[in-house]
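Structure data follow from my_file-v9.csv (CSV, C-alpha atoms):
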```csv
chain,number,residue,atom,x,y,z
X,1,MET,CA,-64.8,12.0,-102.9
X,2,ARG,CA,-65.6,15.6,-103.3
X,3,ILE,CA,-68.1,16.8,-105.9
X,4,ILE,CA,-66.7,19.8,-107.8
X,5,GLY,CA,-68.9,21.9,-110.1
X,6,HIS,CA,-67.3,22.4,-113.5
X,7,ARG,CA,-67.3,26.1,-114.5
X,8,GLY,CA,-69.9,26.4,-111.8
X,9,ALA,CA,-72.4,23.9,-113.0
X,10,ARG,CA,-72.3,24.2,-116.7
X,11,GLY,CA,-74.8,21.4,-117.4
X,12,GLU,CA,-77.3,22.9,-115.0
X,13,ALA,CA,-76.7,26.6,-115.1
X,14,PRO,CA,-74.9,29.1,-117.4
X,15,GLU,CA,-71.2,28.4,-117.1
X,16,ASN,CA,-68.7,30.6,-115.2
X,17,THR,CA,-71.4,33.1,-114.1
X,18,LEU,CA,-72.4,34.5,-110.8
X,19,GLY,CA,-75.8,32.9,-111.1
X,20,GLY,CA,-74.1,29.5,-111.8
X,21,PHE,CA,-71.9,29.9,-108.7
X,22,GLN,CA,-74.9,30.9,-106.6
X,23,TYR,CA,-76.8,27.8,-108.0
X,24,ILE,CA,-74.2,25.4,-106.5
X,25,GLN,CA,-74.0,27.5,-103.3
X,26,ASP,CA,-77.8,26.9,-103.0
X,27,LEU,CA,-77.3,23.1,-103.7
X,28,GLY,CA,-75.1,22.9,-100.6
X,29,ILE,CA,-72.0,21.9,-102.7
X,30,ARG,CA,-68.8,23.6,-101.5
X,31,GLY,CA,-66.4,22.6,-104.3
X,32,VAL,CA,-66.1,24.5,-107.6
X,33,GLU,CA,-63.8,24.8,-110.6
X,34,PHE,CA,-63.6,27.8,-112.9
X,35,ASP,CA,-61.4,29.5,-115.4
X,36,VAL,CA,-59.4,32.8,-115.0
X,37,ARG,CA,-58.1,35.1,-117.7
X,38,GLN,CA,-56.5,38.6,-117.6
X,39,LEU,CA,-57.8,41.4,-119.7
X,40,LYS,CA,-55.7,44.2,-121.3
X,41,ASP,CA,-56.4,46.5,-118.3
X,42,HIS,CA,-55.1,43.6,-116.1
X,43,ALA,CA,-58.5,42.8,-114.6
X,44,LEU,CA,-58.9,39.1,-113.8
X,45,ILE,CA,-62.2,37.7,-115.1
X,46,VAL,CA,-63.8,34.3,-115.0
X,47,MET,CA,-64.3,32.9,-118.5
X,48,HIS,CA,-63.3,29.7,-120.4
X,49,ASP,CA,-63.0,30.9,-124.0
X,50,ASP,CA,-61.0,33.8,-125.4
X,51,GLN,CA,-64.0,34.6,-127.7
X,52,MET,CA,-67.5,35.7,-126.6
X,53,LEU,CA,-69.3,33.9,-129.4
X,54,ARG,CA,-70.1,30.4,-127.9
X,55,THR,CA,-71.6,31.6,-124.7
X,56,THR,CA,-73.0,35.0,-125.6
X,57,GLY,CA,-73.8,34.7,-129.3
X,58,GLN,CA,-71.8,37.9,-130.0
X,59,GLU,CA,-68.5,37.7,-131.9
X,60,LYS,CA,-65.9,39.5,-129.8
X,61,GLN,CA,-62.4,38.6,-128.9
X,62,LEU,CA,-62.0,38.7,-125.2
X,63,TYR,CA,-58.6,40.3,-125.2
X,64,GLU,CA,-59.9,43.3,-127.0
X,65,CYS,CA,-62.1,44.0,-124.0
X,66,ASP,CA,-61.4,45.7,-120.7
X,67,ALA,CA,-63.5,45.4,-117.6
X,68,THR,CA,-65.9,48.2,-118.5
X,69,ASP,CA,-66.9,46.2,-121.7
X,70,LEU,CA,-68.2,43.1,-119.9
X,71,ALA,CA,-71.6,44.3,-118.8
X,72,GLN,CA,-73.0,44.1,-122.4
X,73,TYR,CA,-72.4,40.4,-122.9
X,74,ASN,CA,-74.9,37.9,-121.6
X,75,HIS,CA,-73.6,34.4,-121.0
X,76,ALA,CA,-77.2,33.1,-120.3
X,77,VAL,CA,-78.5,33.9,-123.7
X,78,THR,CA,-78.8,30.3,-124.8
X,79,TRP,CA,-80.7,29.3,-121.6
X,80,SER,CA,-84.4,29.7,-122.3
X,81,THR,CA,-85.3,28.9,-118.6
X,82,TRP,CA,-82.7,31.3,-117.1
X,83,ASN,CA,-84.3,34.7,-116.6
X,84,GLN,CA,-81.3,36.5,-115.2
X,85,PHE,CA,-78.7,38.5,-117.3
X,86,GLU,CA,-75.3,37.0,-116.7
X,87,PRO,CA,-72.3,39.3,-117.6
X,88,THR,CA,-68.8,38.0,-117.5
X,89,PRO,CA,-67.8,38.1,-113.8
X,90,LEU,CA,-64.7,39.5,-112.3
X,91,LEU,CA,-62.7,37.1,-110.1
X,92,GLN,CA,-63.4,39.3,-107.1
X,93,GLN,CA,-67.1,39.1,-107.7
X,94,THR,CA,-67.0,35.4,-107.9
X,95,LEU,CA,-65.1,35.0,-104.7
X,96,LYS,CA,-67.8,37.0,-102.9
X,97,VAL,CA,-70.4,34.3,-103.9
X,98,ILE,CA,-68.2,31.3,-103.0
X,99,TYR,CA,-66.6,32.8,-99.8
X,100,ASN,CA,-67.5,29.8,-97.7
X,101,PHE,CA,-66.4,27.0,-100.1
X,102,ASP,CA,-63.7,24.7,-98.9
X,103,HIS,CA,-62.4,23.6,-102.3
X,104,ILE,CA,-61.8,26.1,-105.2
X,105,GLU,CA,-59.9,25.0,-108.3
X,106,VAL,CA,-58.8,28.2,-110.1
X,107,GLU,CA,-57.7,27.2,-113.6
X,108,VAL,CA,-55.4,29.8,-115.2
X,109,LYS,CA,-55.7,29.6,-118.9
X,110,ALA,CA,-52.5,29.5,-121.0
X,111,VAL,CA,-50.6,32.8,-121.6
X,112,ALA,CA,-48.2,33.8,-124.4
X,113,SER,CA,-45.1,34.7,-122.4
X,114,GLU,CA,-43.3,34.3,-119.1
X,115,GLN,CA,-43.7,38.0,-118.4
X,116,HIS,CA,-47.5,37.7,-118.7
X,117,ALA,CA,-47.5,34.6,-116.5
X,118,PHE,CA,-45.6,36.4,-113.8
X,119,GLN,CA,-47.9,39.4,-114.0
X,120,LEU,CA,-51.1,37.4,-113.9
X,121,THR,CA,-50.0,35.2,-111.1
X,122,GLN,CA,-48.9,38.1,-108.9
X,123,THR,CA,-52.4,39.7,-109.4
X,124,LEU,CA,-54.1,36.4,-108.8
X,125,GLN,CA,-52.4,35.7,-105.5
X,126,GLN,CA,-53.3,39.2,-104.3
X,127,GLN,CA,-57.0,38.7,-105.1
X,128,LEU,CA,-57.0,35.2,-103.6
X,129,ARG,CA,-55.6,36.4,-100.3
X,130,GLY,CA,-57.6,34.8,-97.5
X,131,PHE,CA,-58.4,31.7,-99.6
X,132,GLU,CA,-55.1,30.0,-99.0
X,133,GLN,CA,-56.7,27.0,-97.3
X,134,SER,CA,-59.4,26.4,-99.9
X,135,ALA,CA,-57.9,27.5,-103.3
X,136,ILE,CA,-55.7,25.4,-105.5
X,137,ILE,CA,-54.3,27.1,-108.6
X,138,THR,CA,-54.4,24.8,-111.6
X,139,SER,CA,-53.1,25.1,-115.2
X,140,PHE,CA,-52.0,23.2,-118.2
X,141,ASP,CA,-49.4,25.9,-118.9
X,142,PRO,CA,-46.0,25.2,-117.2
X,143,LYS,CA,-45.3,28.9,-117.5
X,144,ILE,CA,-47.9,29.5,-114.8
X,145,HIS,CA,-46.5,26.9,-112.5
X,146,THR,CA,-43.0,28.2,-113.0
X,147,ALA,CA,-44.0,31.8,-112.2
X,148,LEU,CA,-45.7,30.7,-109.0
X,149,GLN,CA,-42.6,28.7,-108.0
X,150,GLN,CA,-40.4,31.7,-108.6
X,151,GLN,CA,-42.7,33.8,-106.4
X,152,ASN,CA,-42.5,31.2,-103.6
X,153,SER,CA,-46.3,31.0,-103.7
X,154,ASN,CA,-48.2,29.8,-100.6
X,155,PHE,CA,-51.0,28.4,-102.8
X,156,LYS,CA,-51.4,24.8,-103.6
X,157,ARG,CA,-51.1,23.9,-107.3
X,158,GLY,CA,-52.3,21.3,-109.7
X,159,LEU,CA,-51.1,20.3,-113.1
X,160,LEU,CA,-53.9,19.6,-115.6
X,161,ILE,CA,-53.3,16.9,-118.2
X,162,GLU,CA,-55.2,16.3,-121.5
X,163,ASP,CA,-52.4,14.6,-123.5
X,164,THR,CA,-51.1,11.0,-123.5
X,165,ARG,CA,-47.8,11.5,-121.8
X,166,GLY,CA,-49.0,9.0,-119.1
X,167,ALA,CA,-46.7,8.5,-116.2
X,168,GLN,CA,-44.4,11.3,-117.4
X,169,ALA,CA,-47.1,13.7,-116.3
X,170,ILE,CA,-46.6,12.6,-112.7
X,171,GLU,CA,-42.9,13.4,-113.0
X,172,ASP,CA,-43.7,16.7,-114.5
X,173,ALA,CA,-46.2,17.6,-111.7
X,174,LEU,CA,-43.6,16.7,-109.1
X,175,ALA,CA,-40.9,18.8,-110.8
X,176,LEU,CA,-43.2,21.8,-110.9
X,177,GLY,CA,-44.0,21.5,-107.2
X,178,CYS,CA,-47.6,20.5,-107.6
X,179,CYS,CA,-49.6,18.6,-105.0
X,180,GLN,CA,-52.3,17.5,-107.5
X,181,ILE,CA,-52.9,16.2,-111.0
X,182,GLY,CA,-56.2,17.0,-112.9
X,183,TRP,CA,-56.6,14.0,-115.2
X,184,MET,CA,-58.9,14.2,-118.2
X,185,ASN,CA,-61.5,11.5,-117.6
X,186,GLU,CA,-60.6,9.6,-120.8
X,187,LEU,CA,-57.0,9.3,-119.6
X,188,ALA,CA,-57.7,8.3,-116.0
X,189,THR,CA,-57.0,4.6,-116.2
X,190,ASP,CA,-56.9,2.5,-113.1
X,191,GLU,CA,-53.1,2.2,-113.5
X,192,LEU,CA,-52.5,5.9,-113.8
X,193,ILE,CA,-54.7,6.7,-110.8
X,194,GLN,CA,-52.7,4.1,-108.8
X,195,ALA,CA,-49.4,5.6,-110.0
X,196,THR,CA,-50.6,9.1,-109.0
X,197,HIS,CA,-51.6,7.8,-105.5
X,198,ASP,CA,-48.2,6.2,-105.2
X,199,ALA,CA,-46.5,9.5,-105.9
X,200,LYS,CA,-48.6,11.1,-103.1
X,201,LEU,CA,-50.4,13.4,-105.4
X,202,ASN,CA,-54.1,14.2,-105.0
X,203,ILE,CA,-56.3,13.6,-108.0
X,204,SER,CA,-59.2,15.5,-109.7
X,205,VAL,CA,-60.8,13.9,-112.7
X,206,TRP,CA,-62.6,16.0,-115.3
X,207,THR,CA,-65.2,16.1,-116.8
X,208,VAL,CA,-67.3,13.2,-115.3
X,209,ASN,CA,-71.0,13.3,-116.1
X,210,GLU,CA,-71.9,9.6,-115.8
X,211,PRO,CA,-72.9,8.4,-112.3
X,212,GLU,CA,-71.5,4.9,-112.8
X,213,ARG,CA,-68.1,6.3,-113.9
X,214,ALA,CA,-68.2,8.6,-110.8
X,215,LYS,CA,-68.8,5.6,-108.5
X,216,LYS,CA,-65.9,3.8,-110.1
X,217,LEU,CA,-63.6,6.7,-109.5
X,218,ARG,CA,-64.8,7.0,-105.9
X,219,ASP,CA,-63.9,3.4,-105.4
X,220,LEU,CA,-60.4,4.1,-106.8
X,221,GLY,CA,-59.8,6.7,-104.2
X,222,VAL,CA,-60.0,9.8,-106.4
X,223,GLN,CA,-60.3,12.9,-104.2
X,224,GLY,CA,-62.1,15.2,-106.6
X,225,LEU,CA,-64.9,14.7,-109.2
X,226,ILE,CA,-65.3,17.6,-111.6
X,227,THR,CA,-68.7,17.5,-113.2
X,228,ASP,CA,-71.1,19.5,-115.3
X,229,TYR,CA,-74.0,18.1,-113.3
X,230,PRO,CA,-73.3,18.5,-109.6
X,231,LYS,CA,-77.0,18.2,-108.6
X,232,LEU,CA,-77.2,14.8,-110.4
X,233,MET,CA,-74.0,13.6,-108.7
X,234,LEU,CA,-75.2,14.8,-105.3
X,235,GLU,CA,-78.3,12.7,-105.8
X,236,GLN,CA,-76.5,9.6,-107.2
X,237,LEU,CA,-73.4,9.3,-105.0
```
Encoded form using structure tokens:
Amino acid sequence: MRIIGHRGARGEAPENTLGGFQYIQDLGIRGVEFDVRQLKDHALIVMHDDQMLRTTGQEKQLYECDATDLAQYNHAVTWSTWNQFEPTPLLQQTLKVIYNFDHIEVEVKAVASEQHAFQLTQTLQQQLRGFEQSAIITSFDPKIHTALQQQNSNFKRGLLIEDTRGAQAIEDALALGCCQIGWMNELATDELIQATHDAKLNISVWTVNEPERAKKLRDLGVQGLITDYPKLMLEQL
């Protein structure tokens, strides 16, 4: 079972930052998950929220920004032991830090329209060129998956699930051409994991921060463990 750092390593380093990605690089972990959004100038950036407040302490809507605005927002502001300023990274900057990773889960956040989905995924595939073997594009949003299908994408894809549709999610993933499901930990019952295996889909489970739960998932044959605490899991598994 692969240990995958959630938003870099959000329990051990500032989330979705270059410093956080370097942190797991230095741990020797080669699996990571992070979030991608597209700004009004079409730049692809790595950030979970669409609002700066939670991670920087400054109230600013992300989609009011362009790439030149990002340097002033510090995502390490709540980390008293982190001495480095951490602006919102561009996707291209992030890829330079994790160039040698063998598993990269790129979560595309939901978009408002099919047109935006098509535009974002075109740019995303251009920037991920060279990472076809290591990157898997994941999303909750079926518009993202449909756009990639329409573009005959060469990238592997994973459907993310946080609702209670159960086995229907497996059918949805197959219909969208996915090779993986990302189950929310609370939904990942033994029965659903087995059903996902039976459908020949790979599995990542998020977010798993308890070592005993991680060991159970390992025994159930889950391929990917997405965790806020990759160092802890590295020590315990």
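Non-sequential neighbours of range 146-148 of chain X (distance at most 7 Å, separation of 6 or more positions within a chain, all atoms listed in the file) are Ala117, Phe118, Thr121 and Leu176 of chain X.
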Give me, please, the distance in Å between CA of Ser153 in chain X and CA of Leu225 in chain X, quoted to one decimal.
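Rounded to one decimal, the two atoms are 25.3 Å apart.
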Quick one, how far is CA of Trp79 in chain X from CA of Ala13 in chain X?
8.1 Å
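Counting all atoms listed in the file, the residue from X:Gln119, X:Asp69, X:Ile24, X:Asn16 that sits nearest to Tyr229 in chain X is X:Ile24.
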Distance query Arg2 in chain X at most 10 Å, all atoms listed in the file, self and fewer than 6 positions along chain excluded, as a list in words
Ile29, Arg30, Gly31, Val32, His103, Ser204, Arg218, Val222, Gln223, Gly224, Leu225, Ile226 and Leu234 of chain X
Starting from the incomplete input, reconstruct all heavy atoms of range 199-210 of chain X and write that as a short mmCIF file (atom, residue, chain, number, x, y, z; two decimals), in the frame of the given file.
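Output (result.cif):
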```
data_model
loop_
_atom_site.label_atom_id
_atom_site.label_comp_id
_atom_site.auth_asym_id
_atom_site.auth_seq_id
_atom_site.Cartn_x
_atom_site.Cartn_y
_atom_site.Cartn_z
N ALA X 199 -47.40 8.36 -105.96
CA ALA X 199 -46.50 9.50 -105.90
C ALA X 199 -47.00 10.56 -104.90
O ALA X 199 -46.42 11.65 -104.81
CB ALA X 199 -46.53 10.20 -107.32
N LYS X 200 -48.04 10.20 -104.13
CA LYS X 200 -48.60 11.10 -103.10
C LYS X 200 -49.14 12.38 -103.62
O LYS X 200 -49.07 13.44 -102.98
CB LYS X 200 -47.49 11.39 -102.03
CG LYS X 200 -46.86 10.16 -101.39
CD LYS X 200 -47.87 9.40 -100.54
CE LYS X 200 -47.22 8.31 -99.69
NZ LYS X 200 -46.79 7.13 -100.46
N LEU X 201 -49.69 12.29 -104.82
CA LEU X 201 -50.40 13.40 -105.40
C LEU X 201 -51.88 13.23 -105.32
O LEU X 201 -52.38 12.12 -105.54
CB LEU X 201 -50.00 13.57 -106.89
CG LEU X 201 -48.56 13.99 -107.19
CD1 LEU X 201 -48.26 13.78 -108.67
CD2 LEU X 201 -48.31 15.43 -106.80
N ASN X 202 -52.62 14.28 -104.99
CA ASN X 202 -54.10 14.20 -105.00
C ASN X 202 -54.54 14.20 -106.49
O ASN X 202 -53.79 14.58 -107.41
CB ASN X 202 -54.68 15.42 -104.31
CG ASN X 202 -54.54 15.31 -102.81
OD1 ASN X 202 -54.37 14.22 -102.26
ND2 ASN X 202 -54.58 16.44 -102.14
N ILE X 203 -55.79 13.80 -106.68
CA ILE X 203 -56.30 13.60 -108.00
C ILE X 203 -57.70 14.28 -108.13
O ILE X 203 -58.58 14.06 -107.30
CB ILE X 203 -56.49 12.13 -108.38
CG1 ILE X 203 -55.15 11.40 -108.27
CG2 ILE X 203 -57.09 11.98 -109.78
CD1 ILE X 203 -55.29 9.89 -108.35
N SER X 204 -57.87 15.11 -109.17
CA SER X 204 -59.20 15.50 -109.70
C SER X 204 -59.34 14.94 -111.06
O SER X 204 -58.37 14.95 -111.83
CB SER X 204 -59.36 17.01 -109.68
OG SER X 204 -59.59 17.54 -108.40
N VAL X 205 -60.52 14.46 -111.39
CA VAL X 205 -60.80 13.90 -112.70
C VAL X 205 -61.89 14.79 -113.37
O VAL X 205 -62.92 15.06 -112.75
CB VAL X 205 -61.19 12.46 -112.71
CG1 VAL X 205 -61.48 11.96 -114.12
CG2 VAL X 205 -60.09 11.62 -112.07
N TRP X 206 -61.67 15.20 -114.62
CA TRP X 206 -62.60 16.00 -115.30
C TRP X 206 -62.83 15.47 -116.76
O TRP X 206 -61.93 14.83 -117.29
CB TRP X 206 -62.11 17.47 -115.44
CG TRP X 206 -60.73 17.55 -116.01
CD1 TRP X 206 -59.54 17.40 -115.35
CD2 TRP X 206 -60.38 17.76 -117.38
NE1 TRP X 206 -58.48 17.50 -116.24
CE2 TRP X 206 -58.96 17.73 -117.48
CE3 TRP X 206 -61.13 17.98 -118.55
CZ2 TRP X 206 -58.27 17.91 -118.69
CZ3 TRP X 206 -60.46 18.15 -119.76
CH2 TRP X 206 -59.03 18.12 -119.82
N THR X 207 -63.94 15.67 -117.34
CA THR X 207 -65.20 16.10 -116.80
C THR X 207 -66.06 14.81 -116.72
O THR X 207 -66.24 14.15 -117.75
CB THR X 207 -65.88 17.14 -117.69
OG1 THR X 207 -65.00 18.24 -117.87
CG2 THR X 207 -67.18 17.61 -117.09
N VAL X 208 -66.60 14.50 -115.56
CA VAL X 208 -67.30 13.20 -115.30
C VAL X 208 -68.77 13.50 -115.15
O VAL X 208 -69.19 14.13 -114.18
CB VAL X 208 -66.72 12.51 -114.08
CG1 VAL X 208 -67.40 11.16 -113.91
CG2 VAL X 208 -65.21 12.36 -114.18
N ASN X 209 -69.57 13.00 -116.10
CA ASN X 209 -71.00 13.30 -116.10
C ASN X 209 -71.86 12.00 -115.99
O ASN X 209 -73.09 12.09 -115.98
CB ASN X 209 -71.40 14.05 -117.35
CG ASN X 209 -70.80 15.44 -117.34
OD1 ASN X 209 -70.60 16.04 -116.28
ND2 ASN X 209 -70.51 15.97 -118.52
N GLU X 210 -71.21 10.83 -115.92
CA GLU X 210 -71.90 9.60 -115.80
C GLU X 210 -71.81 9.04 -114.37
O GLU X 210 -70.70 8.80 -113.89
CB GLU X 210 -71.37 8.53 -116.77
CG GLU X 210 -71.55 8.89 -118.23
CD GLU X 210 -73.01 8.92 -118.65
OE1 GLU X 210 -73.82 8.18 -118.03
OE2 GLU X 210 -73.35 9.67 -119.57
#
```
